[in-house]
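Asker: I'm passing along model.cif; it holds mmCIF, C-alpha atoms.
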```cif
data_upload
loop_
_atom_site.group_PDB
_atom_site.id
_atom_site.type_symbol
_atom_site.label_atom_id
_atom_site.label_comp_id
_atom_site.auth_asym_id
_atom_site.auth_seq_id
_atom_site.Cartn_x
_atom_site.Cartn_y
_atom_site.Cartn_z
ATOM 1 C CA MET A 18 -50.190 -0.371 37.110
ATOM 2 C CA LYS A 19 -49.022 3.187 36.532
ATOM 3 C CA GLY A 20 -51.817 5.735 36.780
ATOM 4 C CA ARG A 21 -54.330 3.365 38.366
ATOM 5 C CA ASN A 22 -56.104 4.545 41.484
ATOM 6 C CA ALA A 23 -56.234 2.479 44.654
ATOM 7 C CA VAL A 24 -58.157 2.965 47.873
ATOM 8 C CA ILE A 25 -56.658 1.348 50.967
ATOM 9 C CA THR A 26 -58.835 1.397 54.070
ATOM 10 C CA GLY A 27 -56.915 1.656 57.312
ATOM 11 C CA GLY A 28 -53.893 2.541 55.179
ATOM 12 C CA ALA A 29 -52.368 5.113 57.498
ATOM 13 C CA ARG A 30 -50.419 2.636 59.619
ATOM 14 C CA GLY A 31 -49.272 -0.960 59.989
ATOM 15 C CA ILE A 32 -49.967 -3.529 57.288
ATOM 16 C CA GLY A 33 -52.225 -1.041 55.463
ATOM 17 C CA GLU A 34 -49.362 1.399 55.147
ATOM 18 C CA ALA A 35 -47.091 -1.353 53.806
ATOM 19 C CA ILE A 36 -49.753 -2.152 51.199
ATOM 20 C CA ALA A 37 -50.010 1.521 50.220
ATOM 21 C CA ARG A 38 -46.238 1.628 49.883
ATOM 22 C CA ALA A 39 -46.048 -1.530 47.731
ATOM 23 C CA LEU A 40 -48.701 -0.215 45.333
ATOM 24 C CA ALA A 41 -47.157 3.274 45.198
ATOM 25 C CA ARG A 42 -43.851 1.681 44.219
ATOM 26 C CA LEU A 43 -45.664 0.296 41.149
ATOM 27 C CA GLY A 44 -46.860 3.779 40.204
ATOM 28 C CA VAL A 45 -50.396 3.442 41.581
ATOM 29 C CA ASN A 46 -52.045 6.581 42.953
ATOM 30 C CA ILE A 47 -52.932 5.990 46.588
ATOM 31 C CA ILE A 48 -56.072 7.125 48.354
ATOM 32 C CA ILE A 49 -56.040 6.304 52.062
ATOM 33 C CA TRP A 50 -59.300 6.010 53.937
ATOM 34 C CA ASP A 51 -58.698 5.988 57.658
ATOM 35 C CA VAL A 52 -60.307 7.201 60.861
ATOM 36 C CA LEU A 53 -56.886 8.691 61.650
ATOM 37 C CA ALA A 54 -57.144 11.681 59.313
ATOM 38 C CA ASP A 55 -53.774 13.223 60.181
ATOM 39 C CA ALA A 56 -51.871 9.954 59.877
ATOM 40 C CA ALA A 57 -53.639 9.253 56.554
ATOM 41 C CA SER A 58 -52.560 12.633 55.166
ATOM 42 C CA ALA A 59 -49.003 12.165 56.425
ATOM 43 C CA THR A 60 -48.659 8.702 54.852
ATOM 44 C CA SER A 61 -50.085 9.911 51.584
ATOM 45 C CA ALA A 62 -47.740 12.921 51.542
ATOM 46 C CA SER A 63 -44.719 10.692 52.130
ATOM 47 C CA LEU A 64 -45.751 8.363 49.281
ATOM 48 C CA ASN A 65 -46.100 11.357 47.016
ATOM 49 C CA GLN A 66 -42.613 12.499 47.915
ATOM 50 C CA GLU A 67 -41.008 9.065 47.669
ATOM 51 C CA TYR A 68 -42.681 7.619 44.573
ATOM 52 C CA GLY A 69 -44.140 10.658 42.813
ATOM 53 C CA VAL A 70 -47.646 9.195 42.787
ATOM 54 C CA LYS A 71 -50.743 11.269 43.365
ATOM 55 C CA GLY A 72 -52.491 10.634 46.600
ATOM 56 C CA VAL A 73 -54.755 11.839 49.302
ATOM 57 C CA GLY A 74 -55.688 10.807 52.823
ATOM 58 C CA LEU A 75 -59.347 11.064 53.742
ATOM 59 C CA ALA A 76 -61.117 10.722 57.082
ATOM 60 C CA VAL A 77 -63.544 7.880 56.452
ATOM 61 C CA ASP A 78 -65.626 5.685 58.750
ATOM 62 C CA VAL A 79 -65.826 2.348 56.928
ATOM 63 C CA THR A 80 -68.855 1.335 59.000
ATOM 64 C CA SER A 81 -70.937 4.184 57.565
ATOM 65 C CA GLU A 82 -72.461 3.890 54.099
ATOM 66 C CA ALA A 83 -72.832 7.667 53.964
ATOM 67 C CA SER A 84 -69.160 8.240 54.774
ATOM 68 C CA VAL A 85 -67.965 5.640 52.237
ATOM 69 C CA THR A 86 -70.340 6.920 49.540
ATOM 70 C CA ALA A 87 -69.131 10.508 49.978
ATOM 71 C CA ALA A 88 -65.488 9.396 49.907
ATOM 72 C CA SER A 89 -66.054 7.324 46.735
ATOM 73 C CA GLU A 90 -67.662 10.281 45.007
ATOM 74 C CA GLN A 91 -64.703 12.430 45.998
ATOM 75 C CA VAL A 92 -62.269 9.879 44.530
ATOM 76 C CA ILE A 93 -64.167 9.730 41.236
ATOM 77 C CA ALA A 94 -64.336 13.540 41.068
ATOM 78 C CA GLU A 95 -60.606 13.953 41.747
ATOM 79 C CA PHE A 96 -59.094 10.870 40.101
ATOM 80 C CA GLY A 97 -61.659 9.835 37.465
ATOM 81 C CA SER A 98 -61.763 6.122 38.311
ATOM 82 C CA LEU A 99 -61.344 3.724 41.195
ATOM 83 C CA ASP A 100 -59.455 0.639 40.024
ATOM 84 C CA ILE A 101 -58.279 -1.098 43.191
ATOM 85 C CA LEU A 102 -59.915 -1.417 46.613
ATOM 86 C CA VAL A 103 -58.045 -2.956 49.535
ATOM 87 C CA ASN A 104 -60.373 -3.574 52.477
ATOM 88 C CA ASN A 105 -57.766 -3.618 55.204
ATOM 89 C CA ALA A 106 -59.213 -1.639 58.125
ATOM 90 C CA GLY A 107 -59.623 -3.834 61.175
ATOM 91 C CA ILE A 108 -59.368 -4.011 64.937
ATOM 92 C CA THR A 109 -58.937 -6.606 67.682
ATOM 93 C CA ARG A 110 -60.667 -6.817 71.068
ATOM 94 C CA ASP A 111 -59.297 -10.086 72.400
ATOM 95 C CA GLY A 112 -60.625 -12.089 75.325
ATOM 96 C CA LEU A 113 -61.842 -15.573 76.133
ATOM 97 C CA LEU A 114 -65.264 -16.229 74.675
ATOM 98 C CA ILE A 115 -67.104 -16.852 77.945
ATOM 99 C CA ARG A 116 -65.840 -13.504 79.274
ATOM 100 C CA MET A 117 -66.225 -11.515 76.065
ATOM 101 C CA LYS A 118 -68.411 -8.435 76.318
ATOM 102 C CA GLU A 119 -71.135 -7.879 73.772
ATOM 103 C CA GLU A 120 -69.696 -4.468 72.890
ATOM 104 C CA ASP A 121 -66.349 -6.077 72.047
ATOM 105 C CA TRP A 122 -68.051 -8.652 69.836
ATOM 106 C CA ASP A 123 -70.083 -5.950 68.099
ATOM 107 C CA ALA A 124 -67.203 -3.494 67.598
ATOM 108 C CA VAL A 125 -64.983 -6.103 65.921
ATOM 109 C CA LEU A 126 -67.739 -7.489 63.693
ATOM 110 C CA LYS A 127 -68.824 -3.994 62.731
ATOM 111 C CA ILE A 128 -65.442 -2.747 61.557
ATOM 112 C CA ASN A 129 -63.895 -5.986 60.305
ATOM 113 C CA LEU A 130 -66.895 -7.507 58.532
ATOM 114 C CA LYS A 131 -69.625 -4.918 58.006
ATOM 115 C CA GLY A 132 -66.927 -2.440 56.954
ATOM 116 C CA VAL A 133 -65.764 -4.789 54.199
ATOM 117 C CA TRP A 134 -69.343 -5.341 53.056
ATOM 118 C CA ILE A 135 -69.985 -1.587 52.834
ATOM 119 C CA GLY A 136 -66.745 -0.916 50.945
ATOM 120 C CA THR A 137 -67.477 -3.765 48.540
ATOM 121 C CA LYS A 138 -71.069 -2.627 48.040
ATOM 122 C CA ILE A 139 -70.342 1.042 47.318
ATOM 123 C CA VAL A 140 -67.062 0.705 45.412
ATOM 124 C CA GLY A 141 -68.193 -2.545 43.769
ATOM 125 C CA ARG A 142 -71.082 -0.751 42.117
ATOM 126 C CA LEU A 143 -68.651 1.776 40.620
ATOM 127 C CA MET A 144 -66.400 -1.028 39.392
ATOM 128 C CA LEU A 145 -69.344 -2.870 37.827
ATOM 129 C CA LYS A 146 -70.141 0.277 35.889
ATOM 130 C CA GLN A 147 -66.502 0.663 34.853
ATOM 131 C CA ARG A 148 -66.458 -3.018 33.838
ATOM 132 C CA ARG A 149 -63.089 -3.110 35.552
ATOM 133 C CA GLY A 150 -61.620 -3.308 39.002
ATOM 134 C CA THR A 151 -60.113 -5.547 41.600
ATOM 135 C CA ILE A 152 -60.841 -5.865 45.293
ATOM 136 C CA VAL A 153 -58.489 -7.413 47.842
ATOM 137 C CA ASN A 154 -59.824 -8.137 51.321
ATOM 138 C CA ILE A 155 -57.495 -8.632 54.252
ATOM 139 C CA ALA A 156 -58.648 -11.712 56.150
ATOM 140 C CA SER A 157 -56.507 -13.699 58.607
ATOM 141 C CA VAL A 158 -55.376 -17.292 59.054
ATOM 142 C CA VAL A 159 -57.302 -17.296 62.339
ATOM 143 C CA GLY A 160 -60.442 -17.048 60.200
ATOM 144 C CA VAL A 161 -59.466 -20.456 58.819
ATOM 145 C CA MET A 162 -57.975 -22.180 61.877
ATOM 146 C CA GLY A 163 -59.498 -20.326 64.862
ATOM 147 C CA ASN A 164 -57.548 -18.874 67.770
ATOM 148 C CA ALA A 165 -58.247 -19.026 71.489
ATOM 149 C CA GLY A 166 -59.029 -15.537 72.740
ATOM 150 C CA GLN A 167 -60.209 -14.251 69.379
ATOM 151 C CA ALA A 168 -63.798 -15.450 68.984
ATOM 152 C CA ASN A 169 -64.888 -12.091 67.592
ATOM 153 C CA TYR A 170 -61.830 -11.533 65.399
ATOM 154 C CA SER A 171 -61.712 -15.053 63.959
ATOM 155 C CA ALA A 172 -65.465 -14.991 63.252
ATOM 156 C CA SER A 173 -65.136 -11.633 61.502
ATOM 157 C CA LYS A 174 -62.231 -12.865 59.358
ATOM 158 C CA ALA A 175 -64.012 -16.119 58.482
ATOM 159 C CA GLY A 176 -66.904 -13.866 57.468
ATOM 160 C CA VAL A 177 -64.577 -11.851 55.245
ATOM 161 C CA ILE A 178 -63.560 -15.060 53.450
ATOM 162 C CA GLY A 179 -67.202 -15.982 52.740
ATOM 163 C CA LEU A 180 -67.940 -12.433 51.637
ATOM 164 C CA THR A 181 -64.895 -12.509 49.330
ATOM 165 C CA LYS A 182 -66.138 -15.651 47.582
ATOM 166 C CA THR A 183 -69.711 -14.409 47.207
ATOM 167 C CA SER A 184 -68.710 -11.011 45.842
ATOM 168 C CA ALA A 185 -66.256 -12.723 43.470
ATOM 169 C CA LYS A 186 -69.155 -14.769 42.092
ATOM 170 C CA GLU A 187 -71.500 -11.784 41.820
ATOM 171 C CA PHE A 188 -68.961 -9.475 40.133
ATOM 172 C CA ALA A 189 -67.136 -11.927 37.856
ATOM 173 C CA SER A 190 -69.356 -11.371 34.821
ATOM 174 C CA ARG A 191 -68.271 -7.721 34.778
ATOM 175 C CA GLY A 192 -64.564 -8.452 34.928
ATOM 176 C CA VAL A 193 -64.304 -7.356 38.551
ATOM 177 C CA ARG A 194 -62.152 -9.730 40.630
ATOM 178 C CA VAL A 195 -62.325 -10.191 44.396
ATOM 179 C CA ASN A 196 -59.695 -12.060 46.403
ATOM 180 C CA ALA A 197 -58.408 -12.184 49.949
ATOM 181 C CA VAL A 198 -55.039 -12.306 51.643
ATOM 182 C CA ALA A 199 -54.910 -14.049 55.014
ATOM 183 C CA PRO A 200 -51.869 -13.035 57.022
ATOM 184 C CA GLY A 201 -50.465 -15.274 59.737
ATOM 185 C CA TYR A 202 -48.181 -13.897 62.437
ATOM 186 C CA ILE A 203 -46.789 -10.664 61.056
ATOM 187 C CA ARG A 204 -44.355 -8.369 62.850
ATOM 188 C CA THR A 205 -46.458 -5.348 63.835
ATOM 189 C CA ALA A 206 -46.999 -3.138 66.849
ATOM 190 C CA MET A 207 -49.273 -5.899 68.166
ATOM 191 C CA THR A 208 -46.755 -8.760 67.952
ATOM 192 C CA ASP A 209 -43.938 -6.518 69.283
ATOM 193 C CA LYS A 210 -45.723 -6.640 72.629
ATOM 194 C CA LEU A 211 -45.296 -10.434 72.931
ATOM 195 C CA THR A 212 -42.830 -11.911 75.412
ATOM 196 C CA ASP A 213 -39.859 -13.922 74.127
ATOM 197 C CA GLU A 214 -41.500 -17.096 75.332
ATOM 198 C CA GLN A 215 -44.760 -16.318 73.505
ATOM 199 C CA ARG A 216 -42.803 -15.541 70.371
ATOM 200 C CA GLN A 217 -40.836 -18.769 70.508
ATOM 201 C CA ARG A 218 -44.020 -20.783 70.942
ATOM 202 C CA MET A 219 -45.491 -19.021 67.966
ATOM 203 C CA GLN A 220 -42.448 -19.551 65.784
ATOM 204 C CA ALA A 221 -42.533 -23.276 66.522
ATOM 205 C CA LEU A 222 -45.876 -23.398 64.663
ATOM 206 C CA ILE A 223 -44.461 -21.764 61.560
ATOM 207 C CA PRO A 224 -42.725 -24.122 59.090
ATOM 208 C CA LEU A 225 -40.671 -21.250 57.647
ATOM 209 C CA GLY A 226 -39.513 -20.565 61.198
ATOM 210 C CA GLU A 227 -40.027 -16.832 61.586
ATOM 211 C CA LEU A 228 -42.661 -14.137 61.782
ATOM 212 C CA GLY A 229 -43.645 -12.441 58.549
ATOM 213 C CA GLU A 230 -43.120 -8.797 57.681
ATOM 214 C CA PRO A 231 -45.873 -6.349 56.625
ATOM 215 C CA ALA A 232 -44.136 -6.206 53.223
ATOM 216 C CA ASP A 233 -44.779 -9.956 52.749
ATOM 217 C CA VAL A 234 -48.507 -9.297 53.011
ATOM 218 C CA ALA A 235 -48.235 -6.213 50.820
ATOM 219 C CA ASP A 236 -46.497 -8.150 48.021
ATOM 220 C CA ALA A 237 -49.346 -10.670 47.898
ATOM 221 C CA VAL A 238 -51.876 -7.833 47.793
ATOM 222 C CA ALA A 239 -49.950 -6.116 44.988
ATOM 223 C CA PHE A 240 -50.026 -9.357 42.983
ATOM 224 C CA LEU A 241 -53.792 -9.754 43.430
ATOM 225 C CA ALA A 242 -54.324 -6.081 42.559
ATOM 226 C CA SER A 243 -52.336 -6.380 39.347
ATOM 227 C CA ASP A 244 -53.079 -7.897 35.944
ATOM 228 C CA ALA A 245 -50.593 -10.664 36.748
ATOM 229 C CA SER A 246 -53.506 -12.284 38.610
ATOM 230 C CA ARG A 247 -56.101 -11.649 35.884
ATOM 231 C CA TYR A 248 -57.355 -15.280 35.941
ATOM 232 C CA ILE A 249 -57.616 -15.469 39.737
ATOM 233 C CA THR A 250 -60.803 -14.604 41.606
ATOM 234 C CA GLY A 251 -62.537 -15.774 44.782
ATOM 235 C CA GLN A 252 -59.292 -17.090 46.253
ATOM 236 C CA VAL A 253 -57.596 -16.705 49.615
ATOM 237 C CA ILE A 254 -53.799 -16.555 49.749
ATOM 238 C CA ASN A 255 -52.431 -17.448 53.181
ATOM 239 C CA VAL A 256 -49.286 -15.417 53.869
ATOM 240 C CA CYS A 257 -48.250 -17.259 56.970
ATOM 241 C CA GLY A 258 -44.932 -19.057 56.487
ATOM 242 C CA GLY A 259 -46.811 -22.280 55.914
ATOM 243 C CA MET A 260 -48.659 -22.238 59.245
ATOM 244 C CA VAL A 261 -51.876 -23.141 57.409
ATOM 245 C CA MET A 262 -51.755 -25.586 54.524
ATOM 246 C CA MET B 21 -91.297 15.737 40.481
ATOM 247 C CA SER B 22 -93.213 16.953 37.451
ATOM 248 C CA MET B 23 -92.121 14.763 34.567
ATOM 249 C CA SER B 24 -94.558 13.728 31.887
ATOM 250 C CA ARG B 25 -94.992 10.036 31.127
ATOM 251 C CA GLU B 26 -93.221 10.630 27.825
ATOM 252 C CA GLU B 27 -90.218 12.225 29.537
ATOM 253 C CA ILE B 28 -90.051 9.323 31.965
ATOM 254 C CA ARG B 29 -90.252 6.869 29.067
ATOM 255 C CA GLU B 30 -87.375 8.608 27.279
ATOM 256 C CA LYS B 31 -85.183 8.464 30.395
ATOM 257 C CA VAL B 32 -86.047 4.831 31.064
ATOM 258 C CA ILE B 33 -85.031 3.954 27.512
ATOM 259 C CA ASP B 34 -81.819 5.996 27.778
ATOM 260 C CA ILE B 35 -80.828 4.262 30.996
ATOM 261 C CA THR B 36 -81.723 0.839 29.588
ATOM 262 C CA CYS B 37 -79.622 1.401 26.449
ATOM 263 C CA ASP B 38 -76.707 2.514 28.543
ATOM 264 C CA GLN B 39 -76.908 -0.292 31.101
ATOM 265 C CA LEU B 40 -77.652 -3.180 28.746
ATOM 266 C CA LYS B 41 -75.494 -1.901 25.903
ATOM 267 C CA VAL B 42 -78.343 -2.172 23.407
ATOM 268 C CA SER B 43 -79.231 0.336 20.705
ATOM 269 C CA ARG B 44 -82.417 2.387 20.819
ATOM 270 C CA ASP B 45 -83.969 0.725 17.794
ATOM 271 C CA GLN B 46 -83.835 -2.656 19.593
ATOM 272 C CA ILE B 47 -86.145 -1.318 22.292
ATOM 273 C CA LYS B 48 -89.940 -1.378 22.137
ATOM 274 C CA ASP B 49 -92.390 -0.452 24.888
ATOM 275 C CA GLU B 50 -93.232 -4.091 25.431
ATOM 276 C CA SER B 51 -89.588 -5.265 25.453
ATOM 277 C CA ALA B 52 -88.817 -7.414 28.479
ATOM 278 C CA PHE B 53 -85.449 -6.681 30.092
ATOM 279 C CA VAL B 54 -84.473 -10.317 30.540
ATOM 280 C CA GLU B 55 -86.200 -12.174 27.689
ATOM 281 C CA ASP B 56 -85.838 -9.540 24.941
ATOM 282 C CA LEU B 57 -82.898 -7.398 25.968
ATOM 283 C CA GLY B 58 -80.621 -10.049 27.473
ATOM 284 C CA ALA B 59 -80.361 -8.674 31.001
ATOM 285 C CA ASP B 60 -79.012 -10.936 33.741
ATOM 286 C CA SER B 61 -79.869 -10.627 37.423
ATOM 287 C CA LEU B 62 -76.991 -8.233 38.072
ATOM 288 C CA ASP B 63 -78.158 -6.024 35.181
ATOM 289 C CA ILE B 64 -81.630 -5.896 36.731
ATOM 290 C CA ALA B 65 -80.185 -4.871 40.104
ATOM 291 C CA GLU B 66 -78.082 -2.172 38.457
ATOM 292 C CA LEU B 67 -81.012 -0.964 36.313
ATOM 293 C CA VAL B 68 -83.256 -0.660 39.356
ATOM 294 C CA MET B 69 -80.556 1.349 41.164
ATOM 295 C CA GLU B 70 -80.122 3.634 38.152
ATOM 296 C CA PHE B 71 -83.878 4.227 38.050
ATOM 297 C CA GLU B 72 -83.875 4.954 41.778
ATOM 298 C CA ASP B 73 -81.051 7.467 41.422
ATOM 299 C CA GLU B 74 -82.413 9.136 38.295
ATOM 300 C CA PHE B 75 -86.011 9.477 39.504
ATOM 301 C CA ASP B 76 -85.166 9.861 43.185
ATOM 302 C CA LEU B 77 -87.463 7.114 44.421
ATOM 303 C CA GLU B 78 -87.239 3.717 46.037
ATOM 304 C CA ILE B 79 -88.160 0.537 44.251
ATOM 305 C CA PRO B 80 -88.860 -2.251 46.765
ATOM 306 C CA GLU B 81 -86.684 -5.362 46.591
ATOM 307 C CA ASN B 82 -89.710 -7.562 45.883
ATOM 308 C CA GLU B 83 -90.980 -5.433 42.986
ATOM 309 C CA GLN B 84 -91.139 -8.333 40.530
ATOM 310 C CA GLY B 85 -93.652 -6.595 38.265
ATOM 311 C CA ILE B 86 -91.099 -4.433 36.494
ATOM 312 C CA ARG B 87 -90.305 -6.836 33.688
ATOM 313 C CA THR B 88 -90.724 -4.574 30.685
ATOM 314 C CA ILE B 89 -90.009 -1.001 29.615
ATOM 315 C CA ASN B 90 -93.735 -0.265 29.869
ATOM 316 C CA ALA B 91 -93.980 -1.705 33.369
ATOM 317 C CA ALA B 92 -90.999 0.381 34.510
ATOM 318 C CA VAL B 93 -92.511 3.557 33.070
ATOM 319 C CA ASP B 94 -95.880 2.740 34.682
ATOM 320 C CA PHE B 95 -94.285 2.089 38.060
ATOM 321 C CA ILE B 96 -92.174 5.244 37.988
ATOM 322 C CA SER B 97 -95.065 7.449 36.731
ATOM 323 C CA GLY B 98 -97.292 6.045 39.473
ATOM 324 C CA LYS B 99 -94.717 6.810 42.153
ATOM 325 C CA ALA B 100 -93.889 10.186 40.707
ATOM 326 C CA THR B 101 -97.476 11.459 40.754
ATOM 327 C CA LYS B 102 -98.183 10.285 44.309
#
```
Mind turning the file's structure into structure tokens?

Answerer:
Amino acid sequence: MKGRNAVITGGARGIGEAIARALARLGVNIIIWDVLADAASATSASLNQEYGVKGVGLAVDVTSEASVTAASEQVIAEFGSLDILVNNAGITRDGLLIRMKEEDWDAVLKINLKGVWIGTKIVGRLMLKQRRGTIVNIASVVGVMGNAGQANYSASKAGVIGLTKTSAKEFASRGVRVNAVAPGYIRTAMTDKLTDEQRQRMQALIPLGELGEPADVADAVAFLASDASRYITGQVINVCGGMVM
Amino acid sequence: MSMSREEIREKVIDITCDQLKVSRDQIKDESAFVEDLGADSLDIAELVMEFEDEFDLEIPENEQGIRTINAAVDFISGKATK
């Protein structure tokens, strides 16, 4: 993995940062695309210091083809190749379906689904030319099982799973693999806000009995990004303590 | 753009060789990308995008006529002189 170049969208914080960290530990150069330009630069600087990998944080809007195209060109100019893409950037705007505002539906679909399509389209073309590359999309178990209050989010993540399988089929003949990781309940800033009662209810649904850590998701991504998974494409790995089987 | 038909033809052949990994002497003007040069649908999509980038023009999605080297050169020359 040493010397390969990975782009992680939304890699400045949260699960994206854990993914950046896991890949950096393997010697992968890390390019972070995030709307939070300062946080992206800070994360990339800390990875450079900790693991000695090259890296850069760029301000990128994943919903804009122009922004993603410019950022891809910058990566190729600076790093020479783009070997790994992790489409991780995502948001939530929760609410019961019958009360959900159109703008909240649109915002979630735009970033979580259209953003993955744009990243796959622009970076995928580069990878097809290279005849090499691997893409890992971050889906969610709610895209498989649904979740009350997350009509927009679950639809976007189910969309990511379909998109993963179609792009895997379209890119396979060029040796470019596309897979997805679907996290379950992972300890993040979002789940820290839950009450004890909510957390206990949630844990009761998880056969392994506890919430996952961002690093659990990152390890699955690192596997799918590496040659250890060379014969795996179009698959979804649920990292959810067995909540979905 | 002020490229002669011959210059366009040369570029089209260059791009085709590069994309389809075929040698120049395998290519004739009447060579069909799919039947003669072994292109698959993804190759055709990539070829079209290379032509678009190189000649700075847009080739419509439903442009089914571009099946051969000659047809590509004709299409691009036609667009380029408009």

Asker: Counting all atoms listed in the file, which residue out of B:Lys48, B:Lys41, B:Arg29, B:Arg87 sits closest to chain A?

Answerer: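 Ranked by minimum distance to chain A, first place goes to B:Lys41.
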
Asker: Evaluate the PyMOL selection byres ((chain A) within 12 of (chain B)) and record the selected residues as an MDAnalysis selection string, following the chain and residue labels used in the document.

Answerer: chainID A and resid 138:139 141:148 184 186:191

Asker: With distances taken over all atoms listed in the file, which residue among A:Leu75, A:Ala175, A:Ala185, A:Ala41 lies nearest Leu126 (chain A)?

Answerer: A:Ala175

Asker: Taking all atoms listed in the file into account, produce a table as JSON lines in which each residue of region 31-149 of chain A with an atom at most 7 Å from an atom of region 219-239 of chain A appears once, together with its shortest atom pair and the distance in Å to one decimal, ordered by chain and rising number.

Answerer:
```
{"residue": "A:Ile32", "atom": "CA", "partner": "A:Pro231", "partner_atom": "CA", "distance": 5.0}
{"residue": "A:Ala35", "atom": "CA", "partner": "A:Ala232", "partner_atom": "CA", "distance": 5.7}
{"residue": "A:Ile36", "atom": "CA", "partner": "A:Ala235", "partner_atom": "CA", "distance": 4.4}
{"residue": "A:Ala39", "atom": "CA", "partner": "A:Ala235", "partner_atom": "CA", "distance": 6.0}
{"residue": "A:Leu40", "atom": "CA", "partner": "A:Ala239", "partner_atom": "CA", "distance": 6.0}
```

Asker: Find the residues around region 198-206 of chain A up to 6 Å (only C-alpha atoms counted), leave out those fewer than 5 positions away in its own chain, and share them as a PyMOL selection string.

Answerer: chain A and resi 155-158+228-230+253-257

Asker: Expand the PyMOL selection byres ((chain B and resi 49-56) around 7) into the individual residues it matches in the shown file, reporting them as a list in words.

Answerer: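 With the PyMOL selection byres ((chain B and resi 49-56) around 7) on this model, the match is Ile47, Lys48, Leu57, Gly58, Ala59, Asp60, Arg87, Thr88, Ile89 and Asn90 of chain B.
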
Asker: Limited to C-alpha atoms, could you put the picked residues into a file as an mmCIF file, in the frame of the given file?

Answerer:
```
data_model
loop_
_atom_site.group_PDB
_atom_site.id
_atom_site.type_symbol
_atom_site.label_atom_id
_atom_site.label_comp_id
_atom_site.auth_asym_id
_atom_site.auth_seq_id
_atom_site.Cartn_x
_atom_site.Cartn_y
_atom_site.Cartn_z
ATOM 1 C CA ILE B 47 -86.145 -1.318 22.292
ATOM 2 C CA LYS B 48 -89.940 -1.378 22.137
ATOM 3 C CA LEU B 57 -82.898 -7.398 25.968
ATOM 4 C CA GLY B 58 -80.621 -10.049 27.473
ATOM 5 C CA ALA B 59 -80.361 -8.674 31.001
ATOM 6 C CA ASP B 60 -79.012 -10.936 33.741
ATOM 7 C CA ARG B 87 -90.305 -6.836 33.688
ATOM 8 C CA THR B 88 -90.724 -4.574 30.685
ATOM 9 C CA ILE B 89 -90.009 -1.001 29.615
ATOM 10 C CA ASN B 90 -93.735 -0.265 29.869
#
```

Asker: I need the residue nearest Thr181 (chain A) from this list: A:Asn164, A:Gln252, A:Asn129, A:Gln215. Use all atoms listed in the file for the distance.

Answerer: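 Smallest separation from Thr181 (chain A) among the options: A:Gln252.
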
Asker: Can you tell me, as a PyMOL selection string, which residues sit within 12 Å of (-44.8, 8.4, 42.2) in the file's frame, using all atoms listed in the file?

Answerer: chain A and resi 18-22+37-47+61-72

Asker: Which residues match the PyMOL selection byres ((chain B and resi 32) around 10) in the file above, as a list in words?

Answerer: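 Expected selection for the PyMOL selection byres ((chain B and resi 32) around 10) here is Glu26, Glu27, Ile28, Arg29, Glu30, Lys31, Ile33, Asp34, Ile35, Thr36, Cys37, Asp38, Leu67, Glu70, Phe71, Glu74, Phe75, Ile89, Asn90, Ala92, Val93 and Ile96 of chain B.
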
Asker: Under the rule that only C-alpha atoms are counted, which of A:Glu120, A:Asp51, A:Asp100, A:Glu34 is the nearest residue to Val77 (chain A)?

Answerer: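 The answer is A:Asp51, which sits nearest to Val77 (chain A).
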
Asker: Scan for residues within 6 Å of the point (-61.7, -3.6, 47.6) in the coordinates of the file, using only C-alpha atoms, and reply as a compact mmCIF listing (two decimals) with C-alpha atoms, keeping the file's coordinate frame.

Answerer:
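The result, stored in selection23.txt:
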```txt
# COMPACT_ATOMS: atom_id res chain seq x y z
CA LEU A 102 -59.92 -1.42 46.61
CA VAL A 103 -58.04 -2.96 49.54
CA ASN A 104 -60.37 -3.57 52.48
CA THR A 137 -67.48 -3.76 48.54
CA ILE A 152 -60.84 -5.86 45.29
CA VAL A 153 -58.49 -7.41 47.84
```

Asker: Edge lengths and centre in Å to one decimal, as AutoDock Vina command-line options, of the axis-aligned box that encloses all listed atoms of region 67-82 of chain B with 5 Å added on every side?

Answerer:
```
--center_x -84.9 --center_y 1.1 --center_z 41.5 --size_x 19.6 --size_y 27.4 --size_z 20.5
```

Asker: Of the candidates A:Val159, A:Ala168, A:Val261, A:Ala245, which one gets nearest to Asp121 (chain A) if we count only C-alpha atoms?

Answerer: A:Ala168

Asker: When you look at Leu53 (chain A) with a cut-off of 10 Å (counting all atoms listed in the file), what residues show up, excluding the ones that are within fewer than 5 positions of it in the same chain? I need them as an NGL selection string.

Answerer: :A and (27-30 or 58 or 74-78)

Asker: Find the residues near region 246-251 of chain A: any atom within 6 Å, counting only C-alpha atoms, skip ones fewer than 4 places away on the same chain, and give them as a PyMOL selection string.

Answerer: chain A and resi 182+185+194-196+241

Asker: I need the residues from that last selection saved to file as a tab-separated table (two decimals), in the coordinates of the input (with C-alpha atoms), if you can.

Answerer:
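Writing the result to selection_9.tsv gives the following:
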```tsv
chain	number	residue	atom	x	y	z
A	182	LYS	CA	-66.14	-15.65	47.58
A	185	ALA	CA	-66.26	-12.72	43.47
A	194	ARG	CA	-62.15	-9.73	40.63
A	195	VAL	CA	-62.32	-10.19	44.40
A	196	ASN	CA	-59.70	-12.06	46.40
A	241	LEU	CA	-53.79	-9.75	43.43
```
